[in-house]
Structure formats: C-alpha cells, structure tokens
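As provided, target.cif (mmCIF, C-alpha atoms) reads as follows.
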data_run
#
loop_
_atom_site.group_PDB
_atom_site.id
_atom_site.type_symbol
_atom_site.label_atom_id
_atom_site.label_comp_id
_atom_site.auth_asym_id
_atom_site.auth_seq_id
_atom_site.Cartn_x
_atom_site.Cartn_y
_atom_site.Cartn_z
ATOM 1 C CA MET A 1 -28.626 8.376 -3.461
ATOM 2 C CA SER A 2 -27.547 11.997 -3.549
ATOM 3 C CA ASP A 3 -24.184 12.998 -4.953
ATOM 4 C CA GLU A 4 -23.157 14.428 -1.578
ATOM 5 C CA ARG A 5 -23.965 11.228 0.266
ATOM 6 C CA GLN A 6 -22.179 9.102 -2.343
ATOM 7 C CA ALA A 7 -19.066 11.319 -2.079
ATOM 8 C CA GLU A 8 -19.126 10.956 1.721
ATOM 9 C CA GLU A 9 -19.307 7.150 1.491
ATOM 10 C CA THR A 10 -16.467 7.129 -1.037
ATOM 11 C CA ARG A 11 -14.265 9.179 1.302
ATOM 12 C CA ARG A 12 -15.118 6.916 4.215
ATOM 13 C CA ASP A 13 -14.289 3.774 2.197
ATOM 14 C CA GLU A 14 -10.912 5.171 1.114
ATOM 15 C CA HIS A 15 -9.707 5.392 4.712
ATOM 16 C CA GLN A 16 -10.938 2.023 5.938
ATOM 17 C CA PRO A 17 -8.843 -1.005 4.990
ATOM 18 C CA GLU A 18 -10.638 -4.021 3.609
ATOM 19 C CA GLN A 19 -11.409 -6.767 6.073
ATOM 20 C CA GLY A 20 -9.451 -9.310 4.002
ATOM 21 C CA HIS A 21 -5.974 -9.062 2.536
ATOM 22 C CA ASP A 22 -3.790 -6.047 3.263
ATOM 23 C CA PRO A 23 -1.331 -5.648 0.355
ATOM 24 C CA ARG A 24 1.201 -3.596 2.341
ATOM 25 C CA PRO A 25 4.428 -5.416 3.294
ATOM 26 C CA VAL A 26 4.684 -6.874 6.785
ATOM 27 C CA SER A 27 7.845 -6.452 8.829
ATOM 28 C CA ASP A 28 9.742 -9.431 10.233
ATOM 29 C CA ALA A 29 9.218 -8.089 13.755
ATOM 30 C CA ARG A 30 5.455 -8.009 13.269
ATOM 31 C CA LEU A 31 5.448 -11.550 11.905
ATOM 32 C CA ARG A 32 7.462 -12.739 14.903
ATOM 33 C CA GLU A 33 4.776 -11.287 17.152
ATOM 34 C CA GLU A 34 1.915 -12.877 15.223
ATOM 35 C CA VAL A 35 3.359 -16.319 14.384
ATOM 36 C CA SER A 36 5.006 -18.622 16.896
ATOM 37 C CA ARG A 37 8.181 -20.580 16.184
ATOM 38 C CA GLU A 38 6.180 -23.826 16.376
ATOM 39 C CA GLU A 39 3.782 -22.594 13.680
ATOM 40 C CA VAL A 40 6.715 -21.667 11.436
ATOM 41 C CA GLU A 41 8.246 -25.116 11.904
ATOM 42 C CA GLY A 42 4.869 -26.649 11.017
ATOM 43 C CA TYR A 43 4.716 -24.559 7.830
ATOM 44 C CA ARG A 44 8.248 -25.650 6.902
ATOM 45 C CA LYS A 45 7.463 -29.312 7.567
ATOM 46 C CA ARG A 46 4.316 -29.188 5.412
ATOM 47 C CA ALA A 47 6.221 -27.376 2.651
ATOM 48 C CA ASP A 48 8.993 -30.010 2.723
ATOM 49 C CA GLU A 49 6.410 -32.798 2.553
ATOM 50 C CA ALA A 50 4.615 -31.124 -0.364
ATOM 51 C CA HIS A 51 7.949 -30.634 -2.148
ATOM 52 C CA ALA A 52 8.917 -34.283 -1.649
ATOM 53 C CA ASN A 53 5.467 -35.371 -2.865
ATOM 54 C CA TRP A 54 5.804 -33.202 -5.961
ATOM 55 C CA PHE A 55 9.113 -34.832 -6.852
ATOM 56 C CA SER A 56 7.700 -38.312 -6.266
ATOM 57 C CA VAL A 57 4.903 -37.479 -8.729
ATOM 58 C CA MET A 58 7.286 -35.830 -11.192
ATOM 59 C CA ASN A 59 9.657 -38.818 -11.132
ATOM 60 C CA ASN A 60 6.863 -41.373 -11.465
ATOM 61 C CA PRO A 61 7.615 -43.587 -14.497
ATOM 62 C CA TYR A 62 3.898 -44.210 -15.192
ATOM 63 C CA GLY A 63 3.088 -43.288 -18.771
ATOM 64 C CA LYS A 64 6.680 -42.756 -19.826
ATOM 65 C CA ASP A 65 6.937 -46.107 -21.578
#
Here is the file; what I need is its structure written in the form of structure tokens.
Amino acid sequence: MSDERQAEETRRDEHQPEQGHDPRPVSDARLREEVSREEVEGYRKRADEAHANWFSVMNNPYGKD
C-alpha cells in the first residue's frame, strides 16, 4: 500500500465513528427520545432484583461456621 493511500485511509477513519460504543456523553433529552419510560422501569426492576439477590448471597450463613 502506498504512503499516500494509507494517509487517505487514516484521514477517512478519523472522521468516521466506530460502529460500537461512542464514548461521548449522552444528554438526558437524547436518552428520553431513545428509551421509553417502560424500559427504564424494567431496568430499575432488574437492578433492584439483582441488588436484593446480592444481599441474599452476601448474608448467606453457609461457610461462616
């Protein structure tokens, strides 16, 4: 690959965001557009269940004897 062609591809790649994660912060308004209230409630419910499960495991007396 020529140096000129490689430089062109490098410039092109710098201006195109990756298809995956975008590290820039997301505004609350944008999140409200992308995520419904029902989805948020589902996330909260799953987080509460995971938190309760963690404490049930943490407070398990097994092996503490």
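CA of Asp28 (chain A) lies 12.7 Å from CA of Val40 (chain A).
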| request: To one decimal in Å, tell me the separation between CA of Val35 (chain A) and CA of Asn53 (chain A). | output: 25.8 Å
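Put simply, CA of Glu34 (chain A) is 16.4 Å away from CA of Gly20 (chain A).
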Provide an axis-aligned box for all listed atoms of region 19-31 of chain A, padding each side by 6 Å; report its centre and its edge lengths in Å to one decimal, as lines of an AutoDock Vina configuration file.
center_x = -0.8
center_y = -7.6
center_z = 7.1
size_x = 33.2
size_y = 20.0
size_z = 25.4
Because the input lacks atoms here, generate N, CA and C atoms for region 49-63 of chain A and report them as a compact mmCIF listing (two decimals), in the frame of the given file.
# COMPACT_ATOMS: atom_id res chain seq x y z
N GLU A 49 7.18 -31.61 2.95
CA GLU A 49 6.41 -32.80 2.55
C GLU A 49 5.77 -32.60 1.18
N ALA A 50 5.22 -31.41 0.93
CA ALA A 50 4.62 -31.12 -0.36
C ALA A 50 5.67 -31.15 -1.47
N HIS A 51 6.86 -30.64 -1.17
CA HIS A 51 7.95 -30.63 -2.15
C HIS A 51 8.38 -32.06 -2.47
N ALA A 52 8.53 -32.88 -1.43
CA ALA A 52 8.92 -34.28 -1.65
C ALA A 52 7.83 -35.01 -2.44
N ASN A 53 6.57 -34.73 -2.14
CA ASN A 53 5.47 -35.37 -2.86
C ASN A 53 5.48 -34.95 -4.33
N TRP A 54 5.75 -33.68 -4.59
CA TRP A 54 5.80 -33.20 -5.96
C TRP A 54 6.88 -33.95 -6.74
N PHE A 55 8.05 -34.13 -6.14
CA PHE A 55 9.11 -34.83 -6.85
C PHE A 55 8.79 -36.31 -7.03
N SER A 56 8.08 -36.91 -6.08
CA SER A 56 7.70 -38.31 -6.27
C SER A 56 6.72 -38.44 -7.43
N VAL A 57 5.84 -37.46 -7.60
CA VAL A 57 4.90 -37.48 -8.73
C VAL A 57 5.65 -37.19 -10.03
N MET A 58 6.55 -36.22 -10.00
CA MET A 58 7.29 -35.83 -11.19
C MET A 58 8.19 -36.97 -11.69
N ASN A 59 8.75 -37.74 -10.76
CA ASN A 59 9.66 -38.82 -11.13
C ASN A 59 8.95 -40.15 -11.32
N ASN A 60 7.63 -40.15 -11.27
CA ASN A 60 6.86 -41.37 -11.46
C ASN A 60 7.00 -41.85 -12.92
N PRO A 61 7.41 -43.10 -13.13
CA PRO A 61 7.62 -43.59 -14.50
C PRO A 61 6.31 -43.91 -15.24
N TYR A 62 5.16 -43.85 -14.57
CA TYR A 62 3.90 -44.21 -15.19
C TYR A 62 3.66 -43.35 -16.44
N GLY A 63 3.38 -43.98 -17.53
CA GLY A 63 3.09 -43.29 -18.77
C GLY A 63 4.28 -42.86 -19.58
